[in-house]
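The data block below is query.tsv; it holds TSV, C-alpha atoms (C1' of nucleotides).
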chain	number	residue	atom	x	y	z
F	1	MET	CA	91.37	69.00	103.25
F	2	PRO	CA	90.15	70.53	100.06
F	3	ILE	CA	89.80	74.26	99.85
F	4	THR	CA	87.46	74.43	96.89
F	5	LYS	CA	85.36	71.64	95.54
F	6	THR	CA	84.79	73.12	92.10
F	7	GLU	CA	84.53	69.63	90.60
F	8	GLU	CA	81.22	69.06	92.29
F	9	PHE	CA	79.46	72.03	90.75
F	10	ARG	CA	77.96	72.67	87.33
F	11	LYS	CA	80.45	73.68	84.69
F	12	ALA	CA	78.49	76.80	83.84
F	13	ASP	CA	78.44	77.82	87.48
F	14	VAL	CA	82.18	77.36	87.78
F	15	LYS	CA	82.72	79.36	84.60
F	16	LEU	CA	80.55	82.21	85.79
F	17	ALA	CA	82.25	82.19	89.16
F	18	GLU	CA	85.66	82.40	87.47
F	19	LEU	CA	84.53	85.39	85.48
F	20	ALA	CA	83.18	87.06	88.58
F	21	GLN	CA	86.42	86.32	90.35
F	22	ALA	CA	88.35	88.12	87.62
F	23	LEU	CA	86.25	91.22	88.24
F	24	ALA	CA	86.40	90.89	92.00
F	25	HIS	CA	89.06	93.53	92.55
F	26	PRO	CA	88.78	97.28	92.00
F	27	ALA	CA	92.22	97.37	90.40
F	28	ARG	CA	91.08	95.02	87.66
F	29	ILE	CA	87.92	97.03	87.14
F	30	ALA	CA	90.06	100.14	86.81
F	31	ILE	CA	92.41	98.41	84.40
F	32	LEU	CA	89.55	97.50	82.10
F	33	ARG	CA	88.23	101.06	82.17
F	34	THR	CA	91.67	102.45	81.47
F	35	LEU	CA	92.24	100.12	78.56
F	36	ALA	CA	88.86	100.97	77.08
F	37	GLY	CA	89.66	104.67	77.01
F	38	TRP	CA	93.08	104.10	75.54
F	39	CYS	CA	93.52	101.41	72.95
F	40	SER	CA	91.09	102.34	70.24
F	41	PRO	CA	89.90	101.77	66.71
F	42	ASN	CA	92.08	104.58	65.41
F	43	GLY	CA	95.18	102.54	66.00
F	44	SER	CA	96.53	104.39	69.01
F	45	GLN	CA	98.70	102.07	71.00
F	46	CYS	CA	97.29	100.04	73.83
F	47	VAL	CA	98.60	100.91	77.23
F	48	CYS	CA	101.42	99.01	78.84
F	49	GLY	CA	103.29	100.43	81.79
F	50	ASP	CA	101.11	103.51	81.78
F	51	ILE	CA	98.58	101.45	83.65
F	52	VAL	CA	101.03	101.32	86.50
F	53	GLU	CA	101.00	105.12	86.66
F	54	VAL	CA	97.24	105.21	86.85
F	55	LEU	CA	96.95	102.70	89.69
F	56	PRO	CA	98.03	103.12	93.30
F	57	LEU	CA	99.94	99.87	93.16
F	58	ALA	CA	103.47	98.71	92.51
F	59	GLN	CA	104.50	97.49	89.08
F	60	ALA	CA	104.75	93.88	90.18
F	61	THR	CA	101.25	93.95	91.59
F	62	VAL	CA	99.78	95.49	88.46
F	63	SER	CA	101.49	92.81	86.43
F	64	GLN	CA	99.76	90.18	88.53
F	65	HIS	CA	96.36	91.76	87.99
F	66	LEU	CA	96.99	91.97	84.25
F	67	LYS	CA	97.89	88.30	84.22
F	68	LYS	CA	94.65	87.41	85.95
F	69	LEU	CA	92.59	89.33	83.41
F	70	LYS	CA	94.55	87.73	80.61
F	71	ASP	CA	94.06	84.25	82.04
F	72	VAL	CA	90.28	84.53	81.76
F	73	GLY	CA	90.60	86.07	78.31
F	74	LEU	CA	89.20	89.49	79.14
F	75	ILE	CA	92.33	91.17	77.78
F	76	ASP	CA	94.98	90.33	75.20
F	77	GLY	CA	98.65	91.16	75.41
F	78	THR	CA	101.15	91.80	72.66
F	79	ILE	CA	104.82	92.57	72.87
F	80	ASP	CA	106.14	95.74	71.26
F	81	GLY	CA	109.87	95.94	71.65
F	82	PRO	CA	110.78	96.23	75.28
F	83	ARG	CA	107.22	96.87	76.39
F	84	SER	CA	103.94	94.95	76.59
F	85	CYS	CA	100.71	96.35	75.34
F	86	TYR	CA	97.33	95.19	76.50
F	87	CYS	CA	93.92	95.53	74.91
F	88	ILE	CA	90.45	94.52	75.90
F	89	ASN	CA	89.15	91.38	74.25
F	90	TRP	CA	85.75	92.68	73.27
F	91	GLU	CA	84.54	89.27	72.26
F	92	THR	CA	85.16	87.74	75.66
F	93	LEU	CA	83.72	90.79	77.33
F	94	ALA	CA	80.52	90.51	75.34
F	95	LYS	CA	80.36	86.84	76.19
F	96	ALA	CA	80.77	87.66	79.86
F	97	GLU	CA	77.99	90.19	79.69
F	98	ALA	CA	75.74	87.63	78.03
F	99	MET	CA	76.55	84.96	80.59
F	100	PHE	CA	75.81	87.25	83.48
F	101	GLY	CA	72.67	88.60	81.84
F	102	ASN	CA	71.39	85.14	81.05
F	103	PHE	CA	72.02	83.97	84.56
F	104	ILE	CA	69.98	86.76	86.09
F	105	GLY	CA	67.35	86.50	83.40
F	106	ASN	CA	66.92	82.82	84.12
F	107	LEU	CA	66.61	83.49	87.81
F	108	GLN	CA	63.78	85.89	87.13
F	109	SER	CA	61.90	83.70	84.67
F	110	ASN	CA	62.35	80.61	86.80
F	111	ASN	CA	60.84	82.48	89.66
F	112	LYS	CA	57.85	83.67	87.70
F	113	GLY	CA	57.33	80.20	86.32
F	114	THR	CA	56.87	78.50	89.67
F	115	THR	CA	53.29	77.50	90.32
I	116	MET	CA	101.55	95.34	105.07
I	117	PRO	CA	98.16	96.02	103.56
I	118	ILE	CA	96.45	93.26	101.72
I	119	THR	CA	93.95	95.33	99.81
I	120	LYS	CA	94.10	99.03	99.23
I	121	THR	CA	90.44	99.51	98.49
I	122	GLU	CA	90.53	103.05	99.88
I	123	GLU	CA	92.56	104.21	96.92
I	124	PHE	CA	90.06	103.19	94.27
I	125	ARG	CA	86.83	104.71	93.05
I	126	LYS	CA	83.82	103.92	95.17
I	127	ALA	CA	81.90	102.55	92.21
I	128	ASP	CA	84.79	100.27	91.35
I	129	VAL	CA	84.94	98.95	94.88
I	130	LYS	CA	81.20	98.38	94.90
I	131	LEU	CA	81.26	96.49	91.62
I	132	ALA	CA	84.19	94.42	92.80
I	133	GLU	CA	82.32	93.52	95.98
I	134	LEU	CA	79.36	92.37	93.97
I	135	ALA	CA	81.58	90.32	91.71
I	136	GLN	CA	83.25	88.84	94.76
I	137	ALA	CA	79.88	87.69	96.08
I	138	LEU	CA	79.31	85.79	92.83
I	139	ALA	CA	82.83	84.45	92.70
I	140	HIS	CA	82.02	80.99	93.98
I	141	PRO	CA	79.98	78.29	92.26
I	142	ALA	CA	78.21	77.44	95.51
I	143	ARG	CA	76.83	80.95	95.73
I	144	ILE	CA	75.74	80.86	92.11
I	145	ALA	CA	73.98	77.58	92.82
I	146	ILE	CA	72.34	79.00	95.91
I	147	LEU	CA	70.86	81.86	93.94
I	148	ARG	CA	69.56	79.49	91.28
I	149	THR	CA	68.06	77.23	93.90
I	150	LEU	CA	66.34	80.08	95.68
I	151	ALA	CA	64.92	81.41	92.43
I	152	GLY	CA	63.26	78.11	91.66
I	153	TRP	CA	61.87	77.75	95.13
I	154	CYS	CA	60.63	80.82	96.92
I	155	SER	CA	57.98	82.18	94.64
I	156	PRO	CA	55.11	84.59	94.18
I	157	ASN	CA	52.59	81.90	95.13
I	158	GLY	CA	53.73	82.02	98.73
I	159	SER	CA	55.59	78.75	98.85
I	160	GLN	CA	58.18	78.92	101.57
I	161	CYS	CA	61.66	80.02	100.80
I	162	VAL	CA	64.31	77.39	101.23
I	163	CYS	CA	66.32	77.07	104.41
I	164	GLY	CA	68.25	73.91	105.19
I	165	ASP	CA	67.14	72.32	101.97
I	166	ILE	CA	69.89	74.27	100.32
I	167	VAL	CA	72.33	72.19	102.28
I	168	GLU	CA	70.90	69.06	100.68
I	169	VAL	CA	71.34	70.47	97.21
I	170	LEU	CA	74.96	71.46	97.67
I	171	PRO	CA	77.97	69.15	98.10
I	172	LEU	CA	79.03	71.06	101.18
I	173	ALA	CA	78.67	70.80	104.93
I	174	GLN	CA	75.98	72.77	106.73
I	175	ALA	CA	78.46	75.15	108.32
I	176	THR	CA	80.00	75.95	104.97
I	177	VAL	CA	76.64	76.63	103.34
I	178	SER	CA	75.77	78.92	106.20
I	179	GLN	CA	78.93	80.91	105.50
I	180	HIS	CA	78.05	81.25	101.82
I	181	LEU	CA	74.53	82.38	102.71
I	182	LYS	CA	75.97	84.98	105.03
I	183	LYS	CA	78.17	86.34	102.26
I	184	LEU	CA	75.23	86.69	99.91
I	185	LYS	CA	73.22	88.34	102.64
I	186	ASP	CA	76.01	90.77	103.44
I	187	VAL	CA	75.93	92.23	99.94
I	188	GLY	CA	72.14	92.25	99.99
I	189	LEU	CA	71.56	89.73	97.22
I	190	ILE	CA	69.39	87.63	99.52
I	191	ASP	CA	67.20	88.27	102.55
I	192	GLY	CA	66.73	85.98	105.50
I	193	THR	CA	63.78	85.55	107.81
I	194	ILE	CA	63.34	83.31	110.80
I	195	ASP	CA	60.45	80.85	110.83
I	196	GLY	CA	60.38	78.95	114.05
I	197	PRO	CA	63.49	76.84	114.40
I	198	ARG	CA	64.52	77.37	110.78
I	199	SER	CA	65.79	80.21	108.60
I	200	CYS	CA	64.33	80.95	105.23
I	201	TYR	CA	66.14	82.81	102.54
I	202	CYS	CA	64.83	84.61	99.51
I	203	ILE	CA	66.44	86.46	96.67
I	204	ASN	CA	66.35	90.22	96.96
I	205	TRP	CA	65.18	91.00	93.46
I	206	GLU	CA	65.80	94.68	93.85
I	207	THR	CA	69.46	94.26	94.66
I	208	LEU	CA	69.79	91.69	91.94
I	209	ALA	CA	68.36	94.08	89.37
I	210	LYS	CA	70.68	96.77	90.63
I	211	ALA	CA	73.62	94.43	90.26
I	212	GLU	CA	72.62	93.61	86.73
I	213	ALA	CA	72.37	97.29	85.91
I	214	MET	CA	75.74	98.07	87.44
I	215	PHE	CA	77.44	95.32	85.52
I	216	GLY	CA	75.66	96.23	82.31
I	217	ASN	CA	76.48	99.90	82.67
I	218	PHE	CA	80.09	99.13	83.32
I	219	ILE	CA	80.48	97.10	80.18
I	220	GLY	CA	78.36	99.52	78.20
I	221	ASN	CA	80.57	102.39	79.25
I	222	LEU	CA	83.65	100.47	78.28
I	223	GLN	CA	82.26	100.00	74.82
I	224	SER	CA	81.07	103.56	74.26
I	225	ASN	CA	84.27	105.01	75.71
I	226	ASN	CA	86.18	102.96	73.26
I	227	LYS	CA	84.17	104.05	70.27
I	228	GLY	CA	84.40	107.65	71.37
I	229	THR	CA	88.18	107.82	71.29
I	230	THR	CA	89.48	109.88	68.39
R	231	DA	C1'	129.98	95.15	74.79
R	232	DT	C1'	127.73	98.10	78.19
R	233	DA	C1'	124.30	100.59	80.07
R	234	DT	C1'	119.38	101.54	80.24
R	235	DC	C1'	114.65	100.76	80.06
R	236	DT	C1'	110.51	97.79	80.52
R	237	DT	C1'	108.07	94.04	82.24
R	238	DA	C1'	107.43	89.27	84.00
R	239	DT	C1'	108.58	86.31	87.56
R	240	DC	C1'	110.48	84.83	92.18
R	241	DG	C1'	110.44	85.05	97.00
R	242	DT	C1'	108.04	86.38	100.82
R	243	DA	C1'	104.60	88.18	104.15
R	244	DA	C1'	100.09	88.85	105.71
R	245	DA	C1'	95.10	88.94	105.16
R	246	DG	C1'	91.14	86.56	103.14
R	247	DA	C1'	88.49	82.56	101.51
R	248	DT	C1'	87.01	77.87	101.92
R	249	DA	C1'	85.91	73.87	104.38
R	250	DC	C1'	84.63	71.08	108.27
R	251	DG	C1'	83.59	69.36	113.05
R	252	DA	C1'	81.92	70.79	117.33
R	253	DT	C1'	79.14	73.56	119.90
R	254	DA	C1'	75.62	76.94	121.29
R	255	DA	C1'	71.09	78.91	120.99
R	256	DA	C1'	66.28	78.73	120.15
R	257	DG	C1'	61.93	76.68	118.83
R	258	DA	C1'	58.95	72.46	118.52
R	259	DG	C1'	57.22	68.28	120.24
R	260	DA	C1'	57.11	64.32	123.52
M	261	DT	C1'	60.96	69.23	131.55
M	262	DC	C1'	63.68	66.83	128.39
M	263	DT	C1'	64.68	65.85	123.85
M	264	DC	C1'	65.10	66.64	119.07
M	265	DT	C1'	65.65	69.58	115.24
M	266	DT	C1'	67.62	73.45	112.94
M	267	DT	C1'	70.93	76.85	112.09
M	268	DA	C1'	74.54	80.26	113.30
M	269	DT	C1'	78.92	80.70	115.16
M	270	DC	C1'	83.56	79.25	117.00
M	271	DG	C1'	87.83	77.09	116.37
M	272	DT	C1'	90.97	75.40	113.27
M	273	DA	C1'	93.51	73.92	109.05
M	274	DT	C1'	94.79	74.94	104.52
M	275	DC	C1'	94.81	77.19	100.16
M	276	DT	C1'	94.34	81.65	97.70
M	277	DT	C1'	94.80	86.47	97.03
M	278	DT	C1'	97.10	90.70	97.46
M	279	DA	C1'	101.10	93.30	97.85
M	280	DC	C1'	105.90	94.59	97.43
M	281	DG	C1'	111.02	94.43	96.70
M	282	DA	C1'	114.42	92.20	94.13
M	283	DT	C1'	115.81	90.09	90.22
M	284	DA	C1'	115.88	88.09	85.52
M	285	DA	C1'	115.02	88.45	80.68
M	286	DG	C1'	114.63	90.95	76.53
M	287	DA	C1'	115.02	95.03	73.63
M	288	DT	C1'	117.17	99.48	72.62
M	289	DA	C1'	120.62	102.79	72.63
M	290	DT	C1'	125.41	104.43	73.30
Represent the structure from my file as structure tokens, please.
Amino acid sequence: MPITKTEEFRKADVKLAELAQALAHPARIAILRTLAGWCSPNGSQCVCGDIVEVLPLAQATVSQHLKKLKDVGLIDGTIDGPRSCYCINWETLAKAEAMFGNFIGNLQSNNKGTT
Amino acid sequence: MPITKTEEFRKADVKLAELAQALAHPARIAILRTLAGWCSPNGSQCVCGDIVEVLPLAQATVSQHLKKLKDVGLIDGTIDGPRSCYCINWETLAKAEAMFGNFIGNLQSNNKGTT
DNA sequence: ATATCTTATCGTAAAGATACGATAAAGAGA
DNA sequence: TCTCTTTATCGTATCTTTACGATAAGATAT
């Protein structure tokens, strides 16, 4: 028995749901906030294992959360010697904001439009 | 062993994650879209079991999805005789949009602000 | 080469999510 | 009253998520 029937839904709906899923854990929200206050235009290094220190989670768990954010493209990762540095992908983030905003906007205008 | 340590995160982060979780399934996205195009200012009845006909899911499953949306306050339900009618809670939806927008906006301004 | 540090991945355990059939409860209609 | 309709809930199966310890892989330093 199938657990999710994503094939039967609109592509845009699936995409939006995937994005929402990526944000559906406080740790990942916190990771994004941490990265935003860290890796910056001035060239200061992106965080790597420092994220682990900020979160109340084990290193392995944080690594999993980072992977999930990376999989949807919300963050990028680069290797710097023995450590990994992560940065927010501002482009994807802006796209996510637009998607979400458009979705709600359409809900509202569709509603007003009904006769 | 704990599955989620939500107690250890910021309240706002947990709240945003809960909202995202509610949107993290294409069926629930589709439900919101359906409701928006249906229950309207002109007094036309909100949808009830018609949602089941729109979705590729069994009645019991749709009921579960509706419950999840209701639990976070994104929709309201009223009983009309033998059937249940659901409507979007526009207030909560607007709040959700604001929360999400503020979150991303803060990420961006925090980033610019770093020296 | 050896030891050390950092991080991703593996293995595992438990809770949650998703899906459905069956059933119960409650109103409407015969 | 009895039946039919409608929907929520129960029971159940299965996949996913979350979490952690242990380990592997890669770079650096001694």
task = Tell me the residues of chain M close to chain I, meaning within 10 Å using only C-alpha atoms (C1' of nucleotides), as a list of chain:residue names.
result = M:DT265, M:DT266, M:DT267, M:DA268, M:DT269, M:DT277, M:DT278, M:DA279, M:DC280
request  = For F:Ile31, list every protein, DNA or RNA residue within 12 Å, evaluated using all atoms listed in the file, and leave out those in the same chain fewer than 5 positions away; present the list as a count of residues only.
outcome  = 37
task = For each of I:Asp195, I:Cys200, I:Lys210, I:Glu122, take the minimum atom-to-atom distance to R:DG257, counting only C-alpha atoms (C1' of nucleotides), then give the residue where this is smallest.
result =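 Ranked by minimum distance to R:DG257, first place goes to I:Asp195.
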Once you add 3 Å to each side, what are the centre and edge lengths of the axis-aligned box holding all listed atoms of stretch 238-256 of chain R? One decimal in Å, as lines of an AutoDock Vina configuration file, if you can.
center_x = 88.4
center_y = 79.3
center_z = 102.6
size_x = 50.2
size_y = 25.9
size_z = 43.3
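Distance annotation: of F:Ala58, F:Ile104, F:Val72, F:Ile79, the residue with the minimal separation from chain I is F:Ile104; atom set is all atoms listed in the file.
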ask   = To one decimal place, how far is atom C1' of M:DA284 from atom C1' of R:DA243 in Å?
value =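 Going from atom C1' of M:DA284 over to atom C1' of R:DA243, I get 21.8 Å.
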